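Undergrad: Structure below; questions to follow.
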Amino acid sequence: MYEDLRDFPRGVATPNLPGAPLLAAKGISKRFGGITALDSVSIDLLSGEIHSLMGENGAGKSTLMKILSGVYTDYEGAIEIDGRQMRFASVREAEAAGVAIIHQELNLVPELTVAENMFLGREPLIAGLFVDRKSCVREARRLLARLGIELDPEARISSLRIGEQQLVEIAKALSLNARILIMDEPTSALSPGECERLFAIMRQLAASGVGVIYISHRIDEVMQLSDRTTVFRDGRHVWTRAMTEIDEDRIISAMVGRNLNRPDNVRDASAVRAPVLSVRGLGLSVSDRRGWKQVLKGVTFDVAAGEILGIGGLLGAGRTEILQAITGAREGQVDGQILIEGKPVSVTSPVDARRLGIGYVTEDRKGQGLHLNDTILDNVALPLVGRLARFGVRDFAGEEALAADAVRTLGIRASGTKQVAGTLSGGNQQKVVIGKCLAANPRILLLDEPTRGIDVGAKSEIYELIFRLAGEGMAIVVVSSEMPELLHLADRILVMSEGRQTGVLDRAMANEERIMQLAAPRALKRQEKVTA
């Protein structure tokens, strides 16, 4: 074990090459009704290896991981651990065999605390009868500290943001002391600094002999971390290669089955017109069990017609809170002014925001953006049912036309408007959320992590859509934790640190280093000294 994680070389694990693989999945097939999710795929994992698994949404990655971790028990094929064939009847059996998984979709109980979630079903007992809560909290605090996560073990999960909840999931998986760790999009809600900390821990685990299967849509992460990469496409195995044999373009080509044209933000600056949205001295205070806390202070910016304003910063910097305060989507005390085309407006709820022409796409599409058990039609039409109705009777033809237009114009891949939203891939679910928002014809579009958890093909399509909407004169604000995405999309980037803005960078001045300098807490301290 390395004394300092920084001593461990980047992207170079030390697989135990001789002998049987730690894990081998052979000829795995899985069907859901008439749909083939996996068609005789195979993958193996060596001790001490970080093995990435890539593919577009719907390629079968998560399905295979759920089989390996005991979530799905009905499948064809064989799983071997240390050369011994295994067939898990439950997640508990998989965990007992040393397999732990961090799911892409959070698997936490909102009403329980951080510590209670981490040890749910495995609580330490006193005299075999009573839960030892102090021991739970103490061990949770130790594991969180190991990850460098500053969270209160006694805080309720419902009080945490989605990124903080993701960190709890990671700590929970590490508490199992697994030999095989499956990580399904674990960085989708993390800041760059938190990602680096997680990567250091992954390297440390690999150095100690743990095998890691890592699923991510972020190719830069895969190139940085992996020893080998496997690509799936349409439920089939494409290839498995050592990282020394491949590059980013080869991965993308294998994933999508074609060379991907990457759109550039080459819009003419003259297309930017007068301000549509103006924010002056925006502040937000929220209450928790410890009292009131100010999470935003003095945020000021303008967004013009045809402009894309990016908002960057570390997790907890206040990026999401800006959008929530503007749209009335967060309980608390909002200060400052919001103006549309120079006129002050009052926004106390998302309904007010929609009425004023503000569209908001939340970062949590499954929890807040979609009704997963409803159809595409129902999701897209929901905000406008009352407006479309005639004499109190739903206009089903109008709703169908609205949903069909969203499917067509956004390129939503579905069997039709009656397909249930929860059965769509992540990228197509995101398009439904955007379609639902655009159906109300907003003048202002606020996007919070619009490409989180979606593949490179869908991401490229959403970029094209954002550029097209800006070209048509819409004022757009994009919050993203991916700096390359901000640099690609934005005309200007507003950087946040600890609830305050530390700078606004024009496109020509912006780069990753400058953004990180402004996002670091020390940037806020420097700013406070200047204004003192």
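So you can find residues: chains in the structure tokens are A, B, ... in the order shown, residues in each start at 1, and ligands are numbered from 1 in order.
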Determine which residues of stretch 296-457 of chain A DSSP labels as strand (DSSP E) from the backbone of this structure, then write them out as a PyMOL selection string.

TA: chain A and resi 296-304+308-313+333-340+343-345+358-361+444-448

Undergrad: Extract, using only C-alpha atoms, all DNA, RNA and protein residues at most 6 Å from stretch 51-65 of chain A, discarding same-chain residues fewer than 2 positions from it, and format them as a PDB file with all heavy atoms, in the first residue's frame.

TA:
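Below you can see selection.pdb, which holds the result:
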ATOM      1  N   ALA A  37     -31.483  -7.464 -24.144  1.00  0.00           N
ATOM      2  CA  ALA A  37     -30.610  -6.454 -23.530  1.00  0.00           C
ATOM      3  C   ALA A  37     -29.147  -6.850 -23.639  1.00  0.00           C
ATOM      4  O   ALA A  37     -28.276  -5.984 -23.793  1.00  0.00           O
ATOM      5  CB  ALA A  37     -30.994  -6.254 -22.068  1.00  0.00           C
ATOM      6  N   LEU A  38     -28.857  -8.144 -23.528  1.00  0.00           N
ATOM      7  CA  LEU A  38     -27.491  -8.665 -23.645  1.00  0.00           C
ATOM      8  C   LEU A  38     -27.526  -9.906 -24.530  1.00  0.00           C
ATOM      9  O   LEU A  38     -28.380 -10.781 -24.352  1.00  0.00           O
ATOM     10  CB  LEU A  38     -26.918  -9.031 -22.278  1.00  0.00           C
ATOM     11  CG  LEU A  38     -26.610  -7.887 -21.314  1.00  0.00           C
ATOM     12  CD1 LEU A  38     -26.211  -8.440 -19.948  1.00  0.00           C
ATOM     13  CD2 LEU A  38     -25.503  -6.992 -21.864  1.00  0.00           C
ATOM     14  N   GLU A  49      -6.949  -4.698 -11.025  1.00  0.00           N
ATOM     15  CA  GLU A  49      -7.174  -4.027 -12.301  1.00  0.00           C
ATOM     16  C   GLU A  49      -8.343  -3.049 -12.209  1.00  0.00           C
ATOM     17  O   GLU A  49      -9.323  -3.297 -11.517  1.00  0.00           O
ATOM     18  CB  GLU A  49      -7.496  -5.060 -13.381  1.00  0.00           C
ATOM     19  CG  GLU A  49      -7.794  -4.444 -14.752  1.00  0.00           C
ATOM     20  CD  GLU A  49      -8.227  -5.462 -15.781  1.00  0.00           C
ATOM     21  OE1 GLU A  49      -8.841  -6.484 -15.395  1.00  0.00           O
ATOM     22  OE2 GLU A  49      -7.960  -5.234 -16.980  1.00  0.00           O
ATOM     23  N   ILE A  67     -26.539  -8.143 -13.105  1.00  0.00           N
ATOM     24  CA  ILE A  67     -26.401  -9.597 -13.061  1.00  0.00           C
ATOM     25  C   ILE A  67     -25.212  -9.982 -12.194  1.00  0.00           C
ATOM     26  O   ILE A  67     -25.299 -10.872 -11.333  1.00  0.00           O
ATOM     27  CB  ILE A  67     -26.243 -10.160 -14.487  1.00  0.00           C
ATOM     28  CG1 ILE A  67     -27.571 -10.034 -15.245  1.00  0.00           C
ATOM     29  CG2 ILE A  67     -25.780 -11.619 -14.451  1.00  0.00           C
ATOM     30  CD1 ILE A  67     -27.469 -10.374 -16.719  1.00  0.00           C
ATOM     31  N   LEU A  68     -24.094  -9.308 -12.393  1.00  0.00           N
ATOM     32  CA  LEU A  68     -22.887  -9.627 -11.627  1.00  0.00           C
ATOM     33  C   LEU A  68     -23.067  -9.377 -10.134  1.00  0.00           C
ATOM     34  O   LEU A  68     -22.427 -10.034  -9.309  1.00  0.00           O
ATOM     35  CB  LEU A  68     -21.703  -8.806 -12.147  1.00  0.00           C
ATOM     36  CG  LEU A  68     -21.253  -9.074 -13.584  1.00  0.00           C
ATOM     37  CD1 LEU A  68     -20.090  -8.157 -13.951  1.00  0.00           C
ATOM     38  CD2 LEU A  68     -20.857 -10.529 -13.776  1.00  0.00           C
ATOM     39  N   ILE A 213     -14.532  -2.661 -11.753  1.00  0.00           N
ATOM     40  CA  ILE A 213     -15.187  -2.454 -13.046  1.00  0.00           C
ATOM     41  C   ILE A 213     -15.799  -1.067 -13.017  1.00  0.00           C
ATOM     42  O   ILE A 213     -16.618  -0.752 -12.152  1.00  0.00           O
ATOM     43  CB  ILE A 213     -16.273  -3.513 -13.314  1.00  0.00           C
ATOM     44  CG1 ILE A 213     -15.650  -4.909 -13.397  1.00  0.00           C
ATOM     45  CG2 ILE A 213     -17.003  -3.194 -14.618  1.00  0.00           C
ATOM     46  CD1 ILE A 213     -16.666  -6.011 -13.630  1.00  0.00           C
ATOM     47  N   TYR A 214     -15.390  -0.239 -13.958  1.00  0.00           N
ATOM     48  CA  TYR A 214     -15.736   1.180 -13.924  1.00  0.00           C
ATOM     49  C   TYR A 214     -16.537   1.542 -15.172  1.00  0.00           C
ATOM     50  O   TYR A 214     -16.052   1.407 -16.295  1.00  0.00           O
ATOM     51  CB  TYR A 214     -14.453   2.010 -13.858  1.00  0.00           C
ATOM     52  CG  TYR A 214     -14.676   3.492 -13.690  1.00  0.00           C
ATOM     53  CD1 TYR A 214     -15.101   4.011 -12.477  1.00  0.00           C
ATOM     54  CD2 TYR A 214     -14.451   4.370 -14.747  1.00  0.00           C
ATOM     55  CE1 TYR A 214     -15.293   5.372 -12.314  1.00  0.00           C
ATOM     56  CE2 TYR A 214     -14.643   5.727 -14.593  1.00  0.00           C
ATOM     57  CZ  TYR A 214     -15.063   6.227 -13.379  1.00  0.00           C
ATOM     58  OH  TYR A 214     -15.265   7.571 -13.223  1.00  0.00           O
ATOM     59  N   ILE A 215     -17.790   1.957 -14.964  1.00  0.00           N
ATOM     60  CA  ILE A 215     -18.655   2.378 -16.064  1.00  0.00           C
ATOM     61  C   ILE A 215     -18.726   3.896 -16.071  1.00  0.00           C
ATOM     62  O   ILE A 215     -19.033   4.512 -15.052  1.00  0.00           O
ATOM     63  CB  ILE A 215     -20.069   1.794 -15.924  1.00  0.00           C
ATOM     64  CG1 ILE A 215     -20.022   0.263 -15.929  1.00  0.00           C
ATOM     65  CG2 ILE A 215     -20.972   2.286 -17.053  1.00  0.00           C
ATOM     66  CD1 ILE A 215     -21.362  -0.390 -15.664  1.00  0.00           C
ATOM     67  N   SER A 226      -7.881   3.675 -16.555  1.00  0.00           N
ATOM     68  CA  SER A 226      -8.080   2.264 -16.862  1.00  0.00           C
ATOM     69  C   SER A 226      -6.801   1.539 -17.245  1.00  0.00           C
ATOM     70  O   SER A 226      -5.866   2.112 -17.811  1.00  0.00           O
ATOM     71  CB  SER A 226      -9.082   2.113 -18.008  1.00  0.00           C
ATOM     72  OG  SER A 226     -10.244   2.844 -17.755  1.00  0.00           O
ATOM     73  N   ASP A 227      -6.803   0.221 -16.991  1.00  0.00           N
ATOM     74  CA  ASP A 227      -5.795  -0.687 -17.524  1.00  0.00           C
ATOM     75  C   ASP A 227      -6.300  -1.295 -18.831  1.00  0.00           C
ATOM     76  O   ASP A 227      -5.554  -1.446 -19.780  1.00  0.00           O
ATOM     77  CB  ASP A 227      -5.511  -1.796 -16.515  1.00  0.00           C
ATOM     78  CG  ASP A 227      -4.976  -1.234 -15.214  1.00  0.00           C
ATOM     79  OD1 ASP A 227      -3.871  -0.690 -15.232  1.00  0.00           O
ATOM     80  OD2 ASP A 227      -5.682  -1.314 -14.200  1.00  0.00           O
ATOM     81  N   ARG A 228      -7.583  -1.659 -18.843  1.00  0.00           N
ATOM     82  CA  ARG A 228      -8.227  -2.153 -20.056  1.00  0.00           C
ATOM     83  C   ARG A 228      -9.615  -1.525 -20.170  1.00  0.00           C
ATOM     84  O   ARG A 228     -10.180  -1.081 -19.170  1.00  0.00           O
ATOM     85  CB  ARG A 228      -8.369  -3.676 -20.029  1.00  0.00           C
ATOM     86  CG  ARG A 228      -7.076  -4.452 -20.182  1.00  0.00           C
ATOM     87  CD  ARG A 228      -7.359  -5.940 -20.335  1.00  0.00           C
ATOM     88  NE  ARG A 228      -7.966  -6.512 -19.134  1.00  0.00           N
ATOM     89  CZ  ARG A 228      -8.626  -7.670 -19.115  1.00  0.00           C
ATOM     90  NH1 ARG A 228      -8.808  -8.360 -20.231  1.00  0.00           N
ATOM     91  NH2 ARG A 228      -9.134  -8.136 -17.983  1.00  0.00           N
ATOM     92  N   THR A 229     -10.137  -1.532 -21.401  1.00  0.00           N
ATOM     93  CA  THR A 229     -11.493  -1.046 -21.644  1.00  0.00           C
ATOM     94  C   THR A 229     -12.236  -2.038 -22.520  1.00  0.00           C
ATOM     95  O   THR A 229     -11.679  -2.558 -23.492  1.00  0.00           O
ATOM     96  CB  THR A 229     -11.483   0.337 -22.328  1.00  0.00           C
ATOM     97  OG1 THR A 229     -10.995   1.307 -21.416  1.00  0.00           O
ATOM     98  CG2 THR A 229     -12.879   0.746 -22.774  1.00  0.00           C
ATOM     99  N   THR A 230     -13.495  -2.303 -22.154  1.00  0.00           N
ATOM    100  CA  THR A 230     -14.396  -3.107 -22.965  1.00  0.00           C
ATOM    101  C   THR A 230     -15.516  -2.216 -23.476  1.00  0.00           C
ATOM    102  O   THR A 230     -16.026  -1.372 -22.734  1.00  0.00           O
ATOM    103  CB  THR A 230     -14.987  -4.273 -22.136  1.00  0.00           C
ATOM    104  OG1 THR A 230     -13.944  -5.213 -21.837  1.00  0.00           O
ATOM    105  CG2 THR A 230     -16.100  -4.984 -22.886  1.00  0.00           C
ATOM    106  N   VAL A 231     -15.887  -2.394 -24.742  1.00  0.00           N
ATOM    107  CA  VAL A 231     -16.970  -1.614 -25.341  1.00  0.00           C
ATOM    108  C   VAL A 231     -18.115  -2.541 -25.719  1.00  0.00           C
ATOM    109  O   VAL A 231     -17.903  -3.586 -26.347  1.00  0.00           O
ATOM    110  CB  VAL A 231     -16.483  -0.841 -26.584  1.00  0.00           C
ATOM    111  CG1 VAL A 231     -17.656  -0.117 -27.259  1.00  0.00           C
ATOM    112  CG2 VAL A 231     -15.403   0.160 -26.206  1.00  0.00           C
ATOM    113  N   PHE A 232     -19.329  -2.161 -25.292  1.00  0.00           N
ATOM    114  CA  PHE A 232     -20.569  -2.823 -25.708  1.00  0.00           C
ATOM    115  C   PHE A 232     -21.317  -1.910 -26.679  1.00  0.00           C
ATOM    116  O   PHE A 232     -21.263  -0.681 -26.558  1.00  0.00           O
ATOM    117  CB  PHE A 232     -21.488  -3.090 -24.513  1.00  0.00           C
ATOM    118  CG  PHE A 232     -21.092  -4.248 -23.638  1.00  0.00           C
ATOM    119  CD1 PHE A 232     -19.939  -4.980 -23.866  1.00  0.00           C
ATOM    120  CD2 PHE A 232     -21.897  -4.602 -22.565  1.00  0.00           C
ATOM    121  CE1 PHE A 232     -19.583  -6.037 -23.043  1.00  0.00           C
ATOM    122  CE2 PHE A 232     -21.571  -5.661 -21.737  1.00  0.00           C
ATOM    123  CZ  PHE A 232     -20.409  -6.388 -21.973  1.00  0.00           C
ATOM    124  N   ARG A 233     -22.032  -2.527 -27.627  1.00  0.00           N
ATOM    125  CA  ARG A 233     -22.930  -1.761 -28.490  1.00  0.00           C
ATOM    126  C   ARG A 233     -24.146  -2.620 -28.794  1.00  0.00           C
ATOM    127  O   ARG A 233     -24.019  -3.771 -29.247  1.00  0.00           O
ATOM    128  CB  ARG A 233     -22.233  -1.357 -29.797  1.00  0.00           C
ATOM    129  CG  ARG A 233     -23.104  -0.466 -30.677  1.00  0.00           C
ATOM    130  CD  ARG A 233     -22.339   0.104 -31.873  1.00  0.00           C
ATOM    131  NE  ARG A 233     -21.981  -0.901 -32.846  1.00  0.00           N
ATOM    132  CZ  ARG A 233     -20.738  -1.194 -33.200  1.00  0.00           C
ATOM    133  NH1 ARG A 233     -19.722  -0.563 -32.616  1.00  0.00           N
ATOM    134  NH2 ARG A 233     -20.491  -2.109 -34.106  1.00  0.00           N
ATOM    135  N   ASP A 234     -25.322  -2.075 -28.508  1.00  0.00           N
ATOM    136  CA  ASP A 234     -26.593  -2.768 -28.773  1.00  0.00           C
ATOM    137  C   ASP A 234     -26.628  -4.160 -28.145  1.00  0.00           C
ATOM    138  O   ASP A 234     -27.103  -5.126 -28.752  1.00  0.00           O
ATOM    139  CB  ASP A 234     -26.837  -2.881 -30.283  1.00  0.00           C
ATOM    140  CG  ASP A 234     -26.944  -1.524 -30.964  1.00  0.00           C
ATOM    141  OD1 ASP A 234     -27.440  -0.580 -30.309  1.00  0.00           O
ATOM    142  OD2 ASP A 234     -26.534  -1.408 -32.128  1.00  0.00           O
ATOM    143  N   GLY A 235     -26.129  -4.260 -26.895  1.00  0.00           N
ATOM    144  CA  GLY A 235     -26.195  -5.517 -26.165  1.00  0.00           C
ATOM    145  C   GLY A 235     -25.163  -6.546 -26.568  1.00  0.00           C
ATOM    146  O   GLY A 235     -25.220  -7.697 -26.105  1.00  0.00           O
ATOM    147  N   MET A 255     -18.176   2.694 -29.802  1.00  0.00           N
ATOM    148  CA  MET A 255     -19.426   2.857 -29.058  1.00  0.00           C
ATOM    149  C   MET A 255     -20.608   3.147 -29.968  1.00  0.00           C
ATOM    150  O   MET A 255     -21.683   2.569 -29.804  1.00  0.00           O
ATOM    151  CB  MET A 255     -19.282   3.993 -28.036  1.00  0.00           C
ATOM    152  CG  MET A 255     -18.425   3.665 -26.831  1.00  0.00           C
ATOM    153  SD  MET A 255     -18.086   5.121 -25.820  1.00  0.00           S
ATOM    154  CE  MET A 255     -19.733   5.651 -25.378  1.00  0.00           C
ATOM    155  N   SER A 425     -33.719   5.091 -22.657  1.00  0.00           N
ATOM    156  CA  SER A 425     -32.331   5.281 -22.227  1.00  0.00           C
ATOM    157  C   SER A 425     -32.189   6.640 -21.558  1.00  0.00           C
ATOM    158  O   SER A 425     -33.053   7.515 -21.693  1.00  0.00           O
ATOM    159  CB  SER A 425     -31.399   5.203 -23.436  1.00  0.00           C
ATOM    160  OG  SER A 425     -31.586   6.330 -24.283  1.00  0.00           O
ATOM    161  N   ASP A 455     -24.621   9.230 -22.838  1.00  0.00           N
ATOM    162  CA  ASP A 455     -23.472   8.834 -23.642  1.00  0.00           C
ATOM    163  C   ASP A 455     -23.061   9.933 -24.610  1.00  0.00           C
ATOM    164  O   ASP A 455     -23.749  10.940 -24.780  1.00  0.00           O
ATOM    165  CB  ASP A 455     -23.779   7.536 -24.390  1.00  0.00           C
ATOM    166  CG  ASP A 455     -24.985   7.683 -25.299  1.00  0.00           C
ATOM    167  OD1 ASP A 455     -24.893   8.432 -26.288  1.00  0.00           O
ATOM    168  OD2 ASP A 455     -26.022   7.065 -25.012  1.00  0.00           O
TER     169      ASP A 455
END

Undergrad: Could you pull out the residues in stretch 223-342 of chain A that DSSP calls helix (DSSP H, G or I) from the backbone, as a ChimeraX atom specification?

TA: /A:223-225,243-245,248-256,269-271,319-327

Undergrad: Just give me the gap between atom CA of A:Ser216 and atom CA of A:Asp364 in Å, one decimal is fine.

TA: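 Separation between atom CA of A:Ser216 and atom CA of A:Asp364: 17.7 Å.
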
Undergrad: Choose the residue, out of A:Ile338, A:Leu447, A:Met223, A:Val456, that has the smallest atom-to-atom separation from A:Gly427; count only C-alpha atoms.

TA: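 Checking each of A:Ile338, A:Leu447, A:Met223, A:Val456 against A:Gly427, counting only C-alpha atoms, the winner is A:Val456.
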
Undergrad: List the neighbours of A:Glu80 out to 10 Å using only C-alpha atoms; skip same-chain residues closer than 2 positions along the sequence, and give me the result as a ChimeraX atom specification.

TA: /A:20-26,44,68,78,82-87

Undergrad: Go ahead and save the picked residues with all heavy atoms, as a tab-separated table (two decimals), in the first residue's frame.

TA:
chain	number	residue	atom	x	y	z
A	20	ALA	N	-6.18	-17.66	-12.80
A	20	ALA	CA	-7.55	-17.36	-13.21
A	20	ALA	C	-7.89	-15.90	-12.91
A	20	ALA	O	-7.41	-15.33	-11.93
A	20	ALA	CB	-8.52	-18.28	-12.48
A	21	PRO	N	-8.75	-15.29	-13.75
A	21	PRO	CA	-9.21	-13.94	-13.44
A	21	PRO	C	-9.95	-13.92	-12.11
A	21	PRO	O	-10.53	-14.92	-11.69
A	21	PRO	CB	-10.15	-13.61	-14.60
A	21	PRO	CG	-9.79	-14.55	-15.69
A	21	PRO	CD	-9.30	-15.79	-15.02
A	22	LEU	N	-9.93	-12.78	-11.47
A	22	LEU	CA	-10.71	-12.61	-10.24
A	22	LEU	C	-12.19	-12.83	-10.54
A	22	LEU	O	-12.91	-13.49	-9.78
A	22	LEU	CB	-10.47	-11.20	-9.69
A	22	LEU	CG	-11.21	-10.79	-8.42
A	22	LEU	CD1	-10.89	-11.74	-7.28
A	22	LEU	CD2	-10.86	-9.35	-8.06
A	23	LEU	N	-12.65	-12.29	-11.66
A	23	LEU	CA	-14.05	-12.42	-12.09
A	23	LEU	C	-14.08	-12.69	-13.58
A	23	LEU	O	-13.33	-12.08	-14.34
A	23	LEU	CB	-14.82	-11.13	-11.78
A	23	LEU	CG	-16.21	-10.98	-12.41
A	23	LEU	CD1	-17.20	-11.92	-11.73
A	23	LEU	CD2	-16.69	-9.55	-12.33
A	24	ALA	N	-14.95	-13.60	-13.99
A	24	ALA	CA	-15.15	-13.85	-15.41
A	24	ALA	C	-16.64	-14.06	-15.67
A	24	ALA	O	-17.28	-14.89	-15.00
A	24	ALA	CB	-14.37	-15.07	-15.88
A	25	ALA	N	-17.19	-13.28	-16.59
A	25	ALA	CA	-18.57	-13.47	-17.04
A	25	ALA	C	-18.49	-14.00	-18.47
A	25	ALA	O	-17.85	-13.40	-19.33
A	25	ALA	CB	-19.33	-12.15	-17.00
A	26	LYS	N	-19.15	-15.14	-18.72
A	26	LYS	CA	-19.00	-15.82	-20.00
A	26	LYS	C	-20.36	-16.06	-20.65
A	26	LYS	O	-21.25	-16.67	-20.07
A	26	LYS	CB	-18.31	-17.18	-19.78
A	26	LYS	CG	-16.92	-17.06	-19.14
A	26	LYS	CD	-16.29	-18.42	-18.93
A	26	LYS	CE	-14.89	-18.29	-18.33
A	26	LYS	NZ	-14.25	-19.62	-18.12
A	44	ASP	N	-13.88	-10.13	-18.40
A	44	ASP	CA	-13.16	-10.65	-17.24
A	44	ASP	C	-12.45	-9.52	-16.52
A	44	ASP	O	-12.20	-8.46	-17.10
A	44	ASP	CB	-12.16	-11.75	-17.62
A	44	ASP	CG	-11.08	-11.25	-18.57
A	44	ASP	OD1	-10.18	-10.52	-18.12
A	44	ASP	OD2	-11.14	-11.59	-19.77
A	68	LEU	N	-24.09	-9.31	-12.39
A	68	LEU	CA	-22.89	-9.63	-11.63
A	68	LEU	C	-23.07	-9.38	-10.13
A	68	LEU	O	-22.43	-10.03	-9.31
A	68	LEU	CB	-21.70	-8.81	-12.15
A	68	LEU	CG	-21.25	-9.07	-13.58
A	68	LEU	CD1	-20.09	-8.16	-13.95
A	68	LEU	CD2	-20.86	-10.53	-13.78
A	78	ALA	N	-22.59	-17.89	-17.65
A	78	ALA	CA	-21.92	-18.31	-16.42
A	78	ALA	C	-21.07	-17.18	-15.84
A	78	ALA	O	-20.50	-16.36	-16.57
A	78	ALA	CB	-21.04	-19.52	-16.69
A	82	ASP	N	-12.66	-16.37	-9.02
A	82	ASP	CA	-11.48	-17.19	-8.72
A	82	ASP	C	-11.58	-18.57	-9.35
A	82	ASP	O	-11.17	-19.59	-8.78
A	82	ASP	CB	-11.29	-17.34	-7.20
A	82	ASP	CG	-10.87	-16.03	-6.54
A	82	ASP	OD1	-10.18	-15.24	-7.21
A	82	ASP	OD2	-11.27	-15.80	-5.39
A	83	GLY	N	-12.17	-18.63	-10.55
A	83	GLY	CA	-12.27	-19.89	-11.26
A	83	GLY	C	-13.42	-20.78	-10.85
A	83	GLY	O	-13.66	-21.82	-11.48
A	84	ARG	N	-14.18	-20.39	-9.84
A	84	ARG	CA	-15.31	-21.19	-9.36
A	84	ARG	C	-16.61	-20.59	-9.88
A	84	ARG	O	-16.84	-19.38	-9.76
A	84	ARG	CB	-15.35	-21.22	-7.83
A	84	ARG	CG	-14.15	-21.91	-7.18
A	84	ARG	CD	-14.24	-21.78	-5.68
A	84	ARG	NE	-15.54	-22.25	-5.17
A	84	ARG	CZ	-16.07	-21.83	-4.03
A	84	ARG	NH1	-15.45	-20.91	-3.30
A	84	ARG	NH2	-17.23	-22.31	-3.63
A	85	GLN	N	-17.45	-21.43	-10.46
A	85	GLN	CA	-18.71	-20.94	-11.00
A	85	GLN	C	-19.66	-20.56	-9.87
A	85	GLN	O	-19.83	-21.30	-8.91
A	85	GLN	CB	-19.36	-22.00	-11.90
A	85	GLN	CG	-20.56	-21.47	-12.67
A	85	GLN	CD	-20.93	-22.35	-13.85
A	85	GLN	OE1	-20.05	-22.88	-14.52
A	85	GLN	NE2	-22.22	-22.50	-14.10
A	86	MET	N	-20.29	-19.39	-10.03
A	86	MET	CA	-21.20	-18.87	-9.01
A	86	MET	C	-22.50	-18.44	-9.70
A	86	MET	O	-22.50	-18.03	-10.85
A	86	MET	CB	-20.60	-17.64	-8.31
A	86	MET	CG	-19.16	-17.78	-7.86
A	86	MET	SD	-18.98	-18.73	-6.35
A	86	MET	CE	-19.52	-17.54	-5.14
A	87	ARG	N	-23.58	-18.53	-8.97
A	87	ARG	CA	-24.86	-17.98	-9.45
A	87	ARG	C	-25.57	-17.37	-8.25
A	87	ARG	O	-26.07	-18.08	-7.39
A	87	ARG	CB	-25.73	-19.06	-10.09
A	87	ARG	CG	-26.88	-18.45	-10.89
A	87	ARG	CD	-27.65	-19.49	-11.67
A	87	ARG	NE	-28.64	-18.86	-12.53
A	87	ARG	CZ	-28.47	-18.57	-13.81
A	87	ARG	NH1	-27.32	-18.88	-14.38
A	87	ARG	NH2	-29.42	-17.99	-14.52

Undergrad: Return the single residue from A:Arg355, A:Glu95, A:Arg241, A:Ala475 that is closest to A:Glu341, with distances computed using only C-alpha atoms.

TA: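 Distance minimum relative to A:Glu341 lands on A:Ala475.
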
Undergrad: From the list A:His103, A:Arg218, A:Arg133, A:Lys436, which residue is nearest A:Ile170 when using only C-alpha atoms?

TA: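 Checking each candidate against A:Ile170, we get A:His103 as the closest.
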
Undergrad: Quick one: of A:Ala519, A:Ala127, A:Ile102, A:Leu205, who's nearest to A:Ala171, counting only C-alpha atoms?

TA: A:Ile102

Undergrad: So that I can see what lies close to A:Val41, please list as a list in words the residues with an atom at most 6 Å from it, counting only C-alpha atoms and leaving out residues fewer than 2 positions away in the same chain.

TA: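 My list of contacting residues is Gly27, Ile28, Asp39, Arg236 and His237 of chain A.
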
Undergrad: Find the spatial neighbours of A:Gln419, counting only C-alpha atoms, within a cut-off of 9 Å - ignore same-chain residues fewer than 6 positions away - and output them as a compact mmCIF listing (two decimals) with C-alpha atoms, in the first residue's frame.

TA:
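Contents of the output file out_39.txt:
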# COMPACT_ATOMS: atom_id res chain seq x y z
CA ASP A 374 -46.09 7.62 -17.29
CA THR A 375 -45.77 7.84 -21.06
CA ILE A 376 -43.80 10.33 -23.10
CA LEU A 377 -47.12 11.93 -24.02

Undergrad: Do you know which residues are at most 10 Å from A:Ala470 counting only C-alpha atoms, after dropping those on the same chain fewer than 2 positions away, and could you put them as a ChimeraX atom specification?

TA: /A:267,271-272,304-308,444-445,464-468,472-476

Undergrad: Taking into account only C-alpha atoms, which residue in the set A:Ile219, A:Val131, A:Met516, A:Leu402 is nearest to A:Pro383?

TA: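 Closest to A:Pro383 of all the choices is A:Leu402.
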
Undergrad: Would you mind reading off the distance between atom CA of A:Leu144 and atom CA of A:Val168, one decimal, in Å?

TA: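 These two atoms are separated by 7.9 Å.
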
Undergrad: What lies within 6 Å of stretch 314-331 of chain A using only C-alpha atoms, ignoring chain neighbours under 2 positions off, as a PyMOL selection string?

TA: chain A and resi 191+347-350+353+496-499

Undergrad: For each of A:Lys172, A:Arg138, A:Lys366, A:Arg500, take the minimum atom-to-atom distance to A:Gly313, counting only C-alpha atoms, then give the residue where this is smallest.

TA: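 Ranking A:Lys172, A:Arg138, A:Lys366, A:Arg500 by distance to A:Gly313, first place goes to A:Arg500.
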